[in-house]
$ cat upload26.pdb   # PDB, C-alpha atoms, pLDDT in the B column
ATOM      1  CA  MET J  18       3.935 157.749 -86.341  1.00 68.00           C
ATOM      2  CA  ASP J  19       7.439 156.396 -86.684  1.00 95.00           C
ATOM      3  CA  TRP J  20       8.690 156.478 -90.295  1.00 98.00           C
ATOM      4  CA  LEU J  21       9.819 152.881 -89.875  1.00 98.00           C
ATOM      5  CA  ASP J  22       6.253 151.831 -89.073  1.00 98.00           C
ATOM      6  CA  GLU J  23       5.063 153.206 -92.390  1.00 98.00           C
ATOM      7  CA  VAL J  24       7.199 150.721 -94.286  1.00 98.00           C
ATOM      8  CA  LYS J  25       5.259 147.588 -95.219  1.00 98.00           C
ATOM      9  CA  TRP J  26       7.632 144.848 -94.144  1.00 98.00           C
ATOM     10  CA  ASP J  27       7.008 141.503 -95.838  1.00 96.00           C
ATOM     11  CA  ARG J  28       6.207 138.218 -94.089  1.00 94.00           C
ATOM     12  CA  ASP J  29       9.902 137.825 -93.268  1.00 96.00           C
ATOM     13  CA  GLY J  30      10.157 141.353 -91.881  1.00 98.00           C
ATOM     14  CA  LEU J  31      12.103 142.528 -94.914  1.00 98.00           C
ATOM     15  CA  VAL J  32      11.809 145.167 -97.595  1.00 98.00           C
ATOM     16  CA  PRO J  33      13.579 145.202-100.999  1.00 98.00           C
ATOM     17  CA  ALA J  34      16.179 147.954-101.365  1.00 98.00           C
ATOM     18  CA  ILE J  35      17.592 149.317-104.621  1.00 98.00           C
ATOM     19  CA  ALA J  36      20.901 151.195-104.571  1.00 98.00           C
ATOM     20  CA  GLN J  37      21.266 153.787-107.315  1.00 98.00           C
ATOM     21  CA  GLU J  38      24.417 155.808-107.915  1.00 98.00           C
ATOM     22  CA  ALA J  39      23.593 159.466-107.260  1.00 98.00           C
ATOM     23  CA  GLY J  40      26.006 160.862-109.829  1.00 96.00           C
ATOM     24  CA  SER J  41      25.412 158.564-112.795  1.00 97.00           C
ATOM     25  CA  GLY J  42      21.911 157.267-112.114  1.00 98.00           C
ATOM     26  CA  ASP J  43      23.215 153.714-112.558  1.00 98.00           C
ATOM     27  CA  VAL J  44      21.381 150.996-110.667  1.00 98.00           C
ATOM     28  CA  LEU J  45      24.189 149.382-108.691  1.00 98.00           C
ATOM     29  CA  MET J  46      22.575 146.569-106.743  1.00 98.00           C
ATOM     30  CA  PHE J  47      19.521 145.146-105.086  1.00 98.00           C
ATOM     31  CA  ALA J  48      19.398 143.781-101.557  1.00 98.00           C
ATOM     32  CA  TRP J  49      17.083 143.377 -98.574  1.00 98.00           C
ATOM     33  CA  MET J  50      16.690 145.328 -95.361  1.00 98.00           C
ATOM     34  CA  ASN J  51      15.020 144.573 -92.087  1.00 98.00           C
ATOM     35  CA  ARG J  52      13.890 147.293 -89.717  1.00 98.00           C
ATOM     36  CA  GLU J  53      17.230 147.493 -87.945  1.00 98.00           C
ATOM     37  CA  ALA J  54      19.161 147.694 -91.223  1.00 98.00           C
ATOM     38  CA  LEU J  55      17.064 150.606 -92.447  1.00 98.00           C
ATOM     39  CA  ALA J  56      17.365 152.425 -89.113  1.00 98.00           C
ATOM     40  CA  LEU J  57      21.136 151.914 -89.140  1.00 98.00           C
ATOM     41  CA  THR J  58      21.391 153.092 -92.742  1.00 98.00           C
ATOM     42  CA  LEU J  59      19.914 156.430 -91.737  1.00 98.00           C
ATOM     43  CA  GLN J  60      21.959 156.621 -88.548  1.00 98.00           C
ATOM     44  CA  ARG J  61      25.306 155.868 -90.183  1.00 98.00           C
ATOM     45  CA  GLY J  62      24.639 157.506 -93.516  1.00 98.00           C
ATOM     46  CA  GLU J  63      25.931 154.299 -95.114  1.00 98.00           C
ATOM     47  CA  ALA J  64      23.988 151.375 -96.533  1.00 98.00           C
ATOM     48  CA  VAL J  65      23.326 148.516 -94.144  1.00 98.00           C
ATOM     49  CA  TYR J  66      21.447 145.520 -95.512  1.00 98.00           C
ATOM     50  CA  TRP J  67      20.137 142.235 -94.178  1.00 98.00           C
ATOM     51  CA  SER J  68      21.987 139.310 -95.660  1.00 97.00           C
ATOM     52  CA  ARG J  69      19.444 136.548 -96.160  1.00 95.00           C
ATOM     53  CA  SER J  70      22.119 133.930 -96.853  1.00 94.00           C
ATOM     54  CA  ARG J  71      24.226 134.782 -93.801  1.00 95.00           C
ATOM     55  CA  ARG J  72      21.221 135.757 -91.704  1.00 97.00           C
ATOM     56  CA  ARG J  73      22.870 138.825 -90.259  1.00 98.00           C
ATOM     57  CA  LEU J  74      23.200 142.566 -90.735  1.00 98.00           C
ATOM     58  CA  TRP J  75      25.589 143.422 -93.502  1.00 97.00           C
ATOM     59  CA  HIS J  76      27.280 146.793 -93.541  1.00 98.00           C
ATOM     60  CA  LYS J  77      27.995 147.006 -97.260  1.00 98.00           C
ATOM     61  CA  GLY J  78      31.749 147.351 -97.741  1.00 96.00           C
ATOM     62  CA  GLU J  79      32.665 145.927 -94.339  1.00 95.00           C
ATOM     63  CA  GLU J  80      35.066 143.504 -96.037  1.00 92.00           C
ATOM     64  CA  SER J  81      35.737 145.148 -99.381  1.00 93.00           C
ATOM     65  CA  GLY J  82      35.908 148.748 -98.209  1.00 95.00           C
ATOM     66  CA  HIS J  83      33.350 149.537-100.891  1.00 96.00           C
ATOM     67  CA  VAL J  84      30.879 151.296 -98.620  1.00 98.00           C
ATOM     68  CA  GLN J  85      27.883 153.175 -99.945  1.00 98.00           C
ATOM     69  CA  GLN J  86      27.441 156.711 -98.709  1.00 98.00           C
ATOM     70  CA  VAL J  87      23.712 157.385 -98.606  1.00 98.00           C
ATOM     71  CA  HIS J  88      22.428 160.761 -99.764  1.00 98.00           C
ATOM     72  CA  GLU J  89      18.735 160.035 -99.981  1.00 98.00           C
ATOM     73  CA  ILE J  90      16.272 157.369 -98.891  1.00 98.00           C
ATOM     74  CA  ARG J  91      13.075 157.030-100.886  1.00 98.00           C
ATOM     75  CA  LEU J  92       9.962 154.929-100.477  1.00 98.00           C
ATOM     76  CA  ASP J  93       7.593 153.812-103.218  1.00 98.00           C
ATOM     77  CA  CYS J  94       3.834 154.330-103.535  1.00 98.00           C
ATOM     78  CA  ASP J  95       3.009 150.995-101.900  1.00 97.00           C
ATOM     79  CA  ALA J  96       5.508 151.661 -99.105  1.00 98.00           C
ATOM     80  CA  ASP J  97       7.097 148.279 -99.690  1.00 98.00           C
ATOM     81  CA  VAL J  98      10.270 149.119-101.623  1.00 98.00           C
ATOM     82  CA  VAL J  99      13.149 151.423-100.665  1.00 98.00           C
ATOM     83  CA  LEU J 100      15.422 153.316-103.056  1.00 98.00           C
ATOM     84  CA  LEU J 101      18.805 154.614-101.894  1.00 98.00           C
ATOM     85  CA  LYS J 102      20.730 157.325-103.729  1.00 98.00           C
ATOM     86  CA  VAL J 103      24.349 156.548-102.961  1.00 98.00           C
ATOM     87  CA  THR J 104      27.950 157.299-103.718  1.00 98.00           C
ATOM     88  CA  GLN J 105      29.946 154.119-104.060  1.00 98.00           C
ATOM     89  CA  ARG J 106      33.178 154.623-102.071  1.00 97.00           C
ATOM     90  CA  GLY J 107      36.547 152.866-101.976  1.00 95.00           C
ATOM     91  CA  HIS J 108      37.355 152.736-105.685  1.00 95.00           C
ATOM     92  CA  GLU J 109      37.089 155.050-108.639  1.00 94.00           C
ATOM     93  CA  PRO J 110      34.902 154.317-110.562  1.00 95.00           C
ATOM     94  CA  GLY J 111      32.717 152.726-107.895  1.00 97.00           C
ATOM     95  CA  ILE J 112      32.553 148.971-107.475  1.00 97.00           C
ATOM     96  CA  ALA J 113      29.275 147.704-106.041  1.00 97.00           C
ATOM     97  CA  CYS J 114      29.480 144.094-107.219  1.00 97.00           C
ATOM     98  CA  HIS J 115      31.369 141.271-105.521  1.00 96.00           C
ATOM     99  CA  THR J 116      32.615 140.277-108.982  1.00 97.00           C
ATOM    100  CA  GLY J 117      34.620 143.525-109.078  1.00 97.00           C
ATOM    101  CA  ARG J 118      32.247 145.235-111.476  1.00 98.00           C
ATOM    102  CA  HIS J 119      30.637 148.653-111.204  1.00 98.00           C
ATOM    103  CA  SER J 120      27.092 147.322-111.016  1.00 98.00           C
ATOM    104  CA  CYS J 121      25.640 143.919-110.203  1.00 98.00           C
ATOM    105  CA  PHE J 122      23.501 144.197-113.341  1.00 98.00           C
ATOM    106  CA  TYR J 123      26.319 143.458-115.769  1.00 98.00           C
ATOM    107  CA  ARG J 124      24.533 140.760-117.778  1.00 98.00           C
ATOM    108  CA  ARG J 125      22.359 141.712-120.703  1.00 98.00           C
ATOM    109  CA  LEU J 126      19.974 139.493-122.602  1.00 98.00           C
ATOM    110  CA  GLU J 127      21.268 139.180-126.163  1.00 98.00           C
ATOM    111  CA  ASN J 128      19.892 136.747-128.735  1.00 96.00           C
ATOM    112  CA  GLY J 129      18.407 134.503-126.101  1.00 96.00           C
ATOM    113  CA  ALA J 130      21.426 134.379-123.767  1.00 97.00           C
ATOM    114  CA  TRP J 131      22.737 136.382-120.820  1.00 98.00           C
ATOM    115  CA  SER J 132      25.916 138.088-121.850  1.00 98.00           C
ATOM    116  CA  ALA J 133      28.367 139.813-119.465  1.00 98.00           C
ATOM    117  CA  VAL J 134      28.779 143.229-121.051  1.00 98.00           C
ATOM    118  CA  ASP J 135      30.486 145.283-118.305  1.00 98.00           C
ATOM    119  CA  PRO J 136      34.179 144.956-117.407  1.00 97.00           C
ATOM    120  CA  VAL J 137      35.708 143.717-114.162  1.00 98.00           C
ATOM    121  CA  LEU J 138      37.338 146.835-112.655  1.00 97.00           C
ATOM    122  CA  LYS J 139      39.282 145.014-109.967  1.00 96.00           C
ATOM    123  CA  ASP J 140      40.111 141.375-109.361  1.00 94.00           C
ATOM    124  CA  PRO J 141      37.808 140.079-106.589  1.00 94.00           C
ATOM    125  CA  GLU J 142      40.788 138.151-105.189  1.00 92.00           C
ATOM    126  CA  SER J 143      42.433 141.450-104.370  1.00 92.00           C
ATOM    127  CA  ILE J 144      39.205 142.953-103.025  1.00 90.00           C
ATOM    128  CA  TYR J 145      38.474 140.176-100.518  1.00 84.00           C
ATOM    129  CA  LYS J 146      41.806 139.389 -98.947  1.00 72.00           C
TER     130      LYS J 146
ATOM    131  CA  MET O 870      20.382 126.107-121.552  1.00 68.00           C
ATOM    132  CA  ASP O 871      17.307 128.275-121.738  1.00 95.00           C
ATOM    133  CA  TRP O 872      17.966 131.833-120.510  1.00 98.00           C
ATOM    134  CA  LEU O 873      14.803 131.564-118.415  1.00 98.00           C
ATOM    135  CA  ASP O 874      16.285 128.587-116.577  1.00 98.00           C
ATOM    136  CA  GLU O 875      19.270 130.665-115.516  1.00 98.00           C
ATOM    137  CA  VAL O 876      17.044 132.994-113.507  1.00 98.00           C
ATOM    138  CA  LYS O 877      16.811 131.969-109.854  1.00 98.00           C
ATOM    139  CA  TRP O 878      13.092 132.120-109.221  1.00 98.00           C
ATOM    140  CA  ASP O 879      12.146 132.454-105.555  1.00 96.00           C
ATOM    141  CA  ARG O 880       9.972 130.044-103.548  1.00 94.00           C
ATOM    142  CA  ASP O 881       6.890 131.601-105.172  1.00 96.00           C
ATOM    143  CA  GLY O 882       8.338 131.296-108.673  1.00 98.00           C
ATOM    144  CA  LEU O 883       8.948 135.050-108.862  1.00 98.00           C
ATOM    145  CA  VAL O 884      11.836 137.401-109.452  1.00 98.00           C
ATOM    146  CA  PRO O 885      12.023 141.096-108.504  1.00 98.00           C
ATOM    147  CA  ALA O 886      12.092 143.470-111.478  1.00 98.00           C
ATOM    148  CA  ILE O 887      13.271 147.078-111.488  1.00 98.00           C
ATOM    149  CA  ALA O 888      12.149 149.402-114.292  1.00 98.00           C
ATOM    150  CA  GLN O 889      14.589 152.190-115.079  1.00 98.00           C
ATOM    151  CA  GLU O 890      13.925 154.941-117.602  1.00 98.00           C
ATOM    152  CA  ALA O 891      16.454 154.578-120.405  1.00 98.00           C
ATOM    153  CA  GLY O 892      16.712 158.278-121.179  1.00 97.00           C
ATOM    154  CA  SER O 893      16.891 159.799-117.694  1.00 97.00           C
ATOM    155  CA  GLY O 894      18.202 156.900-115.629  1.00 98.00           C
ATOM    156  CA  ASP O 895      15.320 157.415-113.193  1.00 98.00           C
ATOM    157  CA  VAL O 896      14.140 154.352-111.312  1.00 98.00           C
ATOM    158  CA  LEU O 897      10.452 154.263-112.166  1.00 98.00           C
ATOM    159  CA  MET O 898       9.046 151.287-110.319  1.00 98.00           C
ATOM    160  CA  PHE O 899       9.583 147.889-108.816  1.00 98.00           C
ATOM    161  CA  ALA O 900       7.414 144.855-109.466  1.00 98.00           C
ATOM    162  CA  TRP O 901       7.558 141.074-109.707  1.00 98.00           C
ATOM    163  CA  MET O 902       7.712 138.691-112.636  1.00 98.00           C
ATOM    164  CA  ASN O 903       7.078 135.012-113.017  1.00 98.00           C
ATOM    165  CA  ARG O 904       8.545 132.974-115.831  1.00 98.00           C
ATOM    166  CA  GLU O 905       5.694 133.700-118.202  1.00 98.00           C
ATOM    167  CA  ALA O 906       5.828 137.436-117.497  1.00 98.00           C
ATOM    168  CA  LEU O 907       9.530 137.607-118.298  1.00 98.00           C
ATOM    169  CA  ALA O 908       9.099 135.538-121.460  1.00 98.00           C
ATOM    170  CA  LEU O 909       6.226 137.776-122.585  1.00 98.00           C
ATOM    171  CA  THR O 910       8.230 140.921-121.802  1.00 98.00           C
ATOM    172  CA  LEU O 911      10.875 139.825-124.273  1.00 98.00           C
ATOM    173  CA  GLN O 912       8.321 138.642-126.816  1.00 98.00           C
ATOM    174  CA  ARG O 913       6.230 141.827-126.792  1.00 98.00           C
ATOM    175  CA  GLY O 914       9.039 144.285-126.124  1.00 98.00           C
ATOM    176  CA  GLU O 915       6.831 145.735-123.380  1.00 98.00           C
ATOM    177  CA  ALA O 916       6.936 145.124-119.649  1.00 98.00           C
ATOM    178  CA  VAL O 917       4.669 142.377-118.364  1.00 98.00           C
ATOM    179  CA  TYR O 918       4.669 141.754-114.626  1.00 98.00           C
ATOM    180  CA  TRP O 919       3.007 139.359-112.227  1.00 98.00           C
ATOM    181  CA  SER O 920       0.546 141.118-109.969  1.00 97.00           C
ATOM    182  CA  ARG O 921       0.787 139.454-106.572  1.00 95.00           C
ATOM    183  CA  SER O 922      -2.365 141.164-105.299  1.00 94.00           C
ATOM    184  CA  ARG O 923      -4.501 140.246-108.312  1.00 95.00           C
ATOM    185  CA  ARG O 924      -2.702 136.957-108.890  1.00 97.00           C
ATOM    186  CA  ARG O 925      -2.518 137.396-112.626  1.00 98.00           C
ATOM    187  CA  LEU O 926      -0.263 138.613-115.406  1.00 98.00           C
ATOM    188  CA  TRP O 927      -0.245 142.376-115.666  1.00 97.00           C
ATOM    189  CA  HIS O 928       0.692 144.021-118.936  1.00 98.00           C
ATOM    190  CA  LYS O 929       1.817 147.370-117.546  1.00 97.00           C
ATOM    191  CA  GLY O 930      -0.332 150.101-119.074  1.00 96.00           C
ATOM    192  CA  GLU O 931      -3.201 147.783-120.031  1.00 95.00           C
ATOM    193  CA  GLU O 932      -5.649 150.150-118.281  1.00 92.00           C
ATOM    194  CA  SER O 933      -3.749 153.431-118.167  1.00 93.00           C
ATOM    195  CA  GLY O 934      -2.129 153.276-121.588  1.00 95.00           C
ATOM    196  CA  HIS O 935       1.179 153.897-119.840  1.00 96.00           C
ATOM    197  CA  VAL O 936       3.024 150.956-121.320  1.00 98.00           C
ATOM    198  CA  GLN O 937       6.752 150.466-120.911  1.00 98.00           C
ATOM    199  CA  GLN O 938       8.721 149.859-124.068  1.00 98.00           C
ATOM    200  CA  VAL O 939      11.634 147.608-123.140  1.00 98.00           C
ATOM    201  CA  HIS O 940      15.056 148.305-124.646  1.00 98.00           C
ATOM    202  CA  GLU O 941      17.191 146.084-122.497  1.00 98.00           C
ATOM    203  CA  ILE O 942      16.794 143.267-119.995  1.00 98.00           C
ATOM    204  CA  ARG O 943      19.574 142.796-117.471  1.00 98.00           C
ATOM    205  CA  LEU O 944      20.234 140.197-114.783  1.00 98.00           C
ATOM    206  CA  ASP O 945      22.264 140.673-111.619  1.00 98.00           C
ATOM    207  CA  CYS O 946      25.257 138.703-110.361  1.00 98.00           C
ATOM    208  CA  ASP O 947      23.121 136.345-108.261  1.00 97.00           C
ATOM    209  CA  ALA O 948      20.704 135.840-111.174  1.00 98.00           C
ATOM    210  CA  ASP O 949      17.793 136.659-108.898  1.00 98.00           C
ATOM    211  CA  VAL O 950      16.921 140.252-109.872  1.00 98.00           C
ATOM    212  CA  VAL O 951      15.994 141.668-113.288  1.00 98.00           C
ATOM    213  CA  LEU O 952      16.567 145.247-114.466  1.00 98.00           C
ATOM    214  CA  LEU O 953      14.598 146.654-117.403  1.00 98.00           C
ATOM    215  CA  LYS O 954      15.675 149.717-119.358  1.00 98.00           C
ATOM    216  CA  VAL O 955      12.424 151.204-120.597  1.00 98.00           C
ATOM    217  CA  THR O 956      10.732 154.131-122.232  1.00 98.00           C
ATOM    218  CA  GLN O 957       7.569 155.063-120.423  1.00 98.00           C
ATOM    219  CA  ARG O 958       4.891 155.591-123.101  1.00 97.00           C
ATOM    220  CA  GLY O 959       1.467 157.273-123.133  1.00 95.00           C
ATOM    221  CA  HIS O 960       2.324 160.599-121.539  1.00 95.00           C
ATOM    222  CA  GLU O 961       5.123 163.134-121.758  1.00 94.00           C
ATOM    223  CA  PRO O 962       6.921 163.151-119.347  1.00 95.00           C
ATOM    224  CA  GLY O 963       6.370 159.480-118.570  1.00 97.00           C
ATOM    225  CA  ILE O 964       4.001 158.385-115.811  1.00 97.00           C
ATOM    226  CA  ALA O 965       4.889 155.059-114.232  1.00 97.00           C
ATOM    227  CA  CYS O 966       3.004 155.443-110.956  1.00 97.00           C
ATOM    228  CA  HIS O 967      -0.696 154.820-110.383  1.00 96.00           C
ATOM    229  CA  THR O 968      -0.758 158.075-108.391  1.00 97.00           C
ATOM    230  CA  GLY O 969      -0.079 159.937-111.664  1.00 97.00           C
ATOM    231  CA  ARG O 970       3.540 160.633-110.830  1.00 98.00           C
ATOM    232  CA  HIS O 971       6.620 160.031-112.958  1.00 98.00           C
ATOM    233  CA  SER O 972       8.135 157.476-110.594  1.00 98.00           C
ATOM    234  CA  CYS O 973       6.702 155.367-107.786  1.00 98.00           C
ATOM    235  CA  PHE O 974       9.602 156.535-105.589  1.00 98.00           C
ATOM    236  CA  TYR O 975       8.203 159.993-104.944  1.00 98.00           C
ATOM    237  CA  ARG O 976       8.578 159.962-101.165  1.00 98.00           C
ATOM    238  CA  ARG O 977      11.825 161.038 -99.572  1.00 98.00           C
ATOM    239  CA  LEU O 978      12.847 160.661 -95.957  1.00 98.00           C
ATOM    240  CA  GLU O 979      13.206 164.146 -94.478  1.00 98.00           C
ATOM    241  CA  ASN O 980      13.683 164.866 -90.784  1.00 96.00           C
ATOM    242  CA  GLY O 981      12.252 161.509 -89.765  1.00 96.00           C
ATOM    243  CA  ALA O 982       9.195 161.553 -92.028  1.00 97.00           C
ATOM    244  CA  TRP O 983       8.345 160.424 -95.559  1.00 98.00           C
ATOM    245  CA  SER O 984       7.634 163.476 -97.642  1.00 98.00           C
ATOM    246  CA  ALA O 985       6.056 163.446-101.143  1.00 98.00           C
ATOM    247  CA  VAL O 986       8.521 165.517-103.157  1.00 98.00           C
ATOM    248  CA  ASP O 987       7.517 164.818-106.776  1.00 98.00           C
ATOM    249  CA  PRO O 988       4.436 166.315-108.446  1.00 97.00           C
ATOM    250  CA  VAL O 989       1.333 164.547-109.719  1.00 98.00           C
ATOM    251  CA  LEU O 990       1.528 164.931-113.509  1.00 97.00           C
ATOM    252  CA  LYS O 991      -1.999 163.753-114.234  1.00 96.00           C
ATOM    253  CA  ASP O 992      -5.031 163.149-112.049  1.00 94.00           C
ATOM    254  CA  PRO O 993      -5.375 159.373-111.519  1.00 94.00           C
ATOM    255  CA  GLU O 994      -9.157 159.779-111.921  1.00 92.00           C
ATOM    256  CA  SER O 995      -8.577 160.746-115.552  1.00 92.00           C
ATOM    257  CA  ILE O 996      -6.003 157.981-116.053  1.00 90.00           C
ATOM    258  CA  TYR O 997      -8.210 155.108-114.856  1.00 84.00           C
ATOM    259  CA  LYS O 998     -11.647 155.805-116.327  1.00 72.00           C
TER     260      LYS O 998
END
$ encode --input "upload26.pdb" --output "structure tokens"
Amino acid sequence: MDWLDEVKWDRDGLVPAIAQEAGSGDVLMFAWMNREALALTLQRGEAVYWSRSRRRLWHKGEESGHVQQVHEIRLDCDADVVLLKVTQRGHEPGIACHTGRHSCFYRRLENGAWSAVDPVLKDPESIYK
Amino acid sequence: MDWLDEVKWDRDGLVPAIAQEAGSGDVLMFAWMNREALALTLQRGEAVYWSRSRRRLWHKGEESGHVQQVHEIRLDCDADVVLLKVTQRGHEPGIACHTGRHSCFYRRLENGAWSAVDPVLKDPESIYK
């Protein structure tokens, strides 16, 4: 049986994917993959997602240069979520977020409000030229 | 503005939620939350999810005793994914998975096949009596 057939794709043919930094353990981002994106991720050794807004394959870092080198691909018990262990390339420390931050999860709930607690490492204007 | 209104709930009124172990950084599981689940998670300080299969609120650990104490709630840049920093209670080391494993992401892609690489810490038969 093909490993791709064991993944339980949702009604849109997608599966949620979590990218975790291999070195730090930080959760960097969350995105979606279709079958082709997951196959390409293995093939290239770099994260390829399915952009739901743009409705096309999205090789993470194709514009920003902030590609994700993939060390490990994991699947959960229900076979419907994928976890990638990655190294975030192109900047030190790694920038996974389009806002120029390390991780997309930079807002923390504090006293009933979402508060941005992580710094911008690079101006997005200079990332997306 | 209510912090719950800032979350971009999907067409089913849900948001993906990632549970990460605060101490180790391990990604333990992935589940879904509706508005009530997220509100209750903050209120109780323990993870409450929405079970899509059972179509009801699911206080994680209600059967197994493996509750998740929540230290932090984070939101991503698109406001459509939640990250919880938790301590997995009820067993040492923590068991988040219904298979009796530490994490639900116990399968790793190896040579074109998903391989279970993490041990069962406790027999599920003795967890769910």
$ resolve_selection --input "upload26.pdb" --expression "the PyMOL selection byres ((chain J and resi 130) around 10)" --output "list in words"
Arg124, Arg125, Leu126, Glu127, Asn128, Gly129, Trp131, Ser132 and Ala133 of chain J; Met870, Asp871, Trp872, Leu873 and Glu875 of chain O
$ resolve_selection --input "upload26.pdb" --expression "the PyMOL selection byres ((chain O) within 10 of (chain J))" --output "PyMOL selection string"
chain O and resi 870-873+875-876+885-887+889-890+893-900+911+941-953+966-968+970+972-986
$ resolve_selection --input "upload26.pdb" --expression "the PyMOL selection byres ((chain J and resi 57) around 12)" --output "ChimeraX atom specification"
/J:21,50-56,58-67,74-77,87
$ write_last_selection --input "upload26.pdb" --atoms "C-alpha atoms" --output "PDB file, in the frame of the given file"
ATOM      1  CA  LEU J  21       9.819 152.881 -89.875  1.00 98.00           C
ATOM      2  CA  MET J  50      16.690 145.328 -95.361  1.00 98.00           C
ATOM      3  CA  ASN J  51      15.020 144.573 -92.087  1.00 98.00           C
ATOM      4  CA  ARG J  52      13.890 147.293 -89.717  1.00 98.00           C
ATOM      5  CA  GLU J  53      17.230 147.493 -87.945  1.00 98.00           C
ATOM      6  CA  ALA J  54      19.161 147.694 -91.223  1.00 98.00           C
ATOM      7  CA  LEU J  55      17.064 150.606 -92.447  1.00 98.00           C
ATOM      8  CA  ALA J  56      17.365 152.425 -89.113  1.00 98.00           C
ATOM      9  CA  THR J  58      21.391 153.092 -92.742  1.00 98.00           C
ATOM     10  CA  LEU J  59      19.914 156.430 -91.737  1.00 98.00           C
ATOM     11  CA  GLN J  60      21.959 156.621 -88.548  1.00 98.00           C
ATOM     12  CA  ARG J  61      25.306 155.868 -90.183  1.00 98.00           C
ATOM     13  CA  GLY J  62      24.639 157.506 -93.516  1.00 98.00           C
ATOM     14  CA  GLU J  63      25.931 154.299 -95.114  1.00 98.00           C
ATOM     15  CA  ALA J  64      23.988 151.375 -96.533  1.00 98.00           C
ATOM     16  CA  VAL J  65      23.326 148.516 -94.144  1.00 98.00           C
ATOM     17  CA  TYR J  66      21.447 145.520 -95.512  1.00 98.00           C
ATOM     18  CA  TRP J  67      20.137 142.235 -94.178  1.00 98.00           C
ATOM     19  CA  LEU J  74      23.200 142.566 -90.735  1.00 98.00           C
ATOM     20  CA  TRP J  75      25.589 143.422 -93.502  1.00 97.00           C
ATOM     21  CA  HIS J  76      27.280 146.793 -93.541  1.00 98.00           C
ATOM     22  CA  LYS J  77      27.995 147.006 -97.260  1.00 98.00           C
ATOM     23  CA  VAL J  87      23.712 157.385 -98.606  1.00 98.00           C
TER      24      VAL J  87
END
$ atom_distance --input "upload26.pdb" --atom1 "CA of Asp29 (chain J)" --atom2 "CA of Arg925 (chain O)"
23.0 Å
$ closest_residue --input "upload26.pdb" --among "J:Trp49, J:Tyr145, J:Ser70, J:Glu109" --to "Ala36 (chain J)" --atoms "all atoms listed in the file"
J:Trp49
$ build_atoms --input "upload26.pdb" --residues "region 121-125 of chain J" --atoms "all heavy atoms" --output "JSON list (two decimals), in the frame of the given file"
[["chain", "number", "residue", "atom", "x", "y", "z"],
["J", 121, "CYS", "N", 25.97, 145.35, -110.19],
["J", 121, "CYS", "CA", 25.64, 143.92, -110.20],
["J", 121, "CYS", "C", 24.88, 143.52, -111.47],
["J", 121, "CYS", "O", 24.82, 142.34, -111.81],
["J", 121, "CYS", "CB", 24.79, 143.58, -108.98],
["J", 121, "CYS", "SG", 25.69, 143.75, -107.42],
["J", 122, "PHE", "N", 24.31, 144.50, -112.16],
["J", 122, "PHE", "CA", 23.50, 144.20, -113.34],
["J", 122, "PHE", "C", 24.36, 144.25, -114.60],
["J", 122, "PHE", "O", 24.14, 145.08, -115.49],
["J", 122, "PHE", "CB", 22.32, 145.17, -113.42],
["J", 122, "PHE", "CG", 21.37, 145.01, -112.28],
["J", 122, "PHE", "CD1", 21.52, 145.77, -111.13],
["J", 122, "PHE", "CD2", 20.35, 144.07, -112.33],
["J", 122, "PHE", "CE1", 20.65, 145.61, -110.05],
["J", 122, "PHE", "CE2", 19.48, 143.90, -111.26],
["J", 122, "PHE", "CZ", 19.64, 144.68, -110.12],
["J", 123, "TYR", "N", 25.34, 143.41, -114.67],
["J", 123, "TYR", "CA", 26.32, 143.46, -115.77],
["J", 123, "TYR", "C", 25.99, 142.47, -116.89],
["J", 123, "TYR", "O", 26.69, 142.41, -117.89],
["J", 123, "TYR", "CB", 27.74, 143.20, -115.25],
["J", 123, "TYR", "CG", 27.93, 141.85, -114.60],
["J", 123, "TYR", "CD1", 28.23, 140.74, -115.37],
["J", 123, "TYR", "CD2", 27.80, 141.68, -113.23],
["J", 123, "TYR", "CE1", 28.41, 139.50, -114.79],
["J", 123, "TYR", "CE2", 27.97, 140.45, -112.65],
["J", 123, "TYR", "CZ", 28.27, 139.36, -113.43],
["J", 123, "TYR", "OH", 28.43, 138.13, -112.85],
["J", 124, "ARG", "N", 24.92, 141.70, -116.73],
["J", 124, "ARG", "CA", 24.53, 140.76, -117.78],
["J", 124, "ARG", "C", 23.32, 141.27, -118.53],
["J", 124, "ARG", "O", 22.33, 141.68, -117.93],
["J", 124, "ARG", "CB", 24.22, 139.40, -117.17],
["J", 124, "ARG", "CG", 25.47, 138.68, -116.75],
["J", 124, "ARG", "CD", 25.18, 137.29, -116.30],
["J", 124, "ARG", "NE", 24.66, 137.25, -114.94],
["J", 124, "ARG", "CZ", 24.50, 136.15, -114.23],
["J", 124, "ARG", "NH1", 24.78, 134.99, -114.77],
["J", 124, "ARG", "NH2", 24.04, 136.21, -113.00],
["J", 125, "ARG", "N", 23.43, 141.24, -119.84],
["J", 125, "ARG", "CA", 22.36, 141.71, -120.70],
["J", 125, "ARG", "C", 21.86, 140.56, -121.56],
["J", 125, "ARG", "O", 22.66, 139.74, -122.04],
["J", 125, "ARG", "CB", 22.90, 142.84, -121.58],
["J", 125, "ARG", "CG", 21.85, 143.56, -122.39],
["J", 125, "ARG", "CD", 22.38, 144.89, -122.91],
["J", 125, "ARG", "NE", 23.51, 144.68, -123.81],
["J", 125, "ARG", "CZ", 24.38, 145.64, -124.16],
["J", 125, "ARG", "NH1", 24.30, 146.85, -123.64],
["J", 125, "ARG", "NH2", 25.35, 145.38, -125.00]]
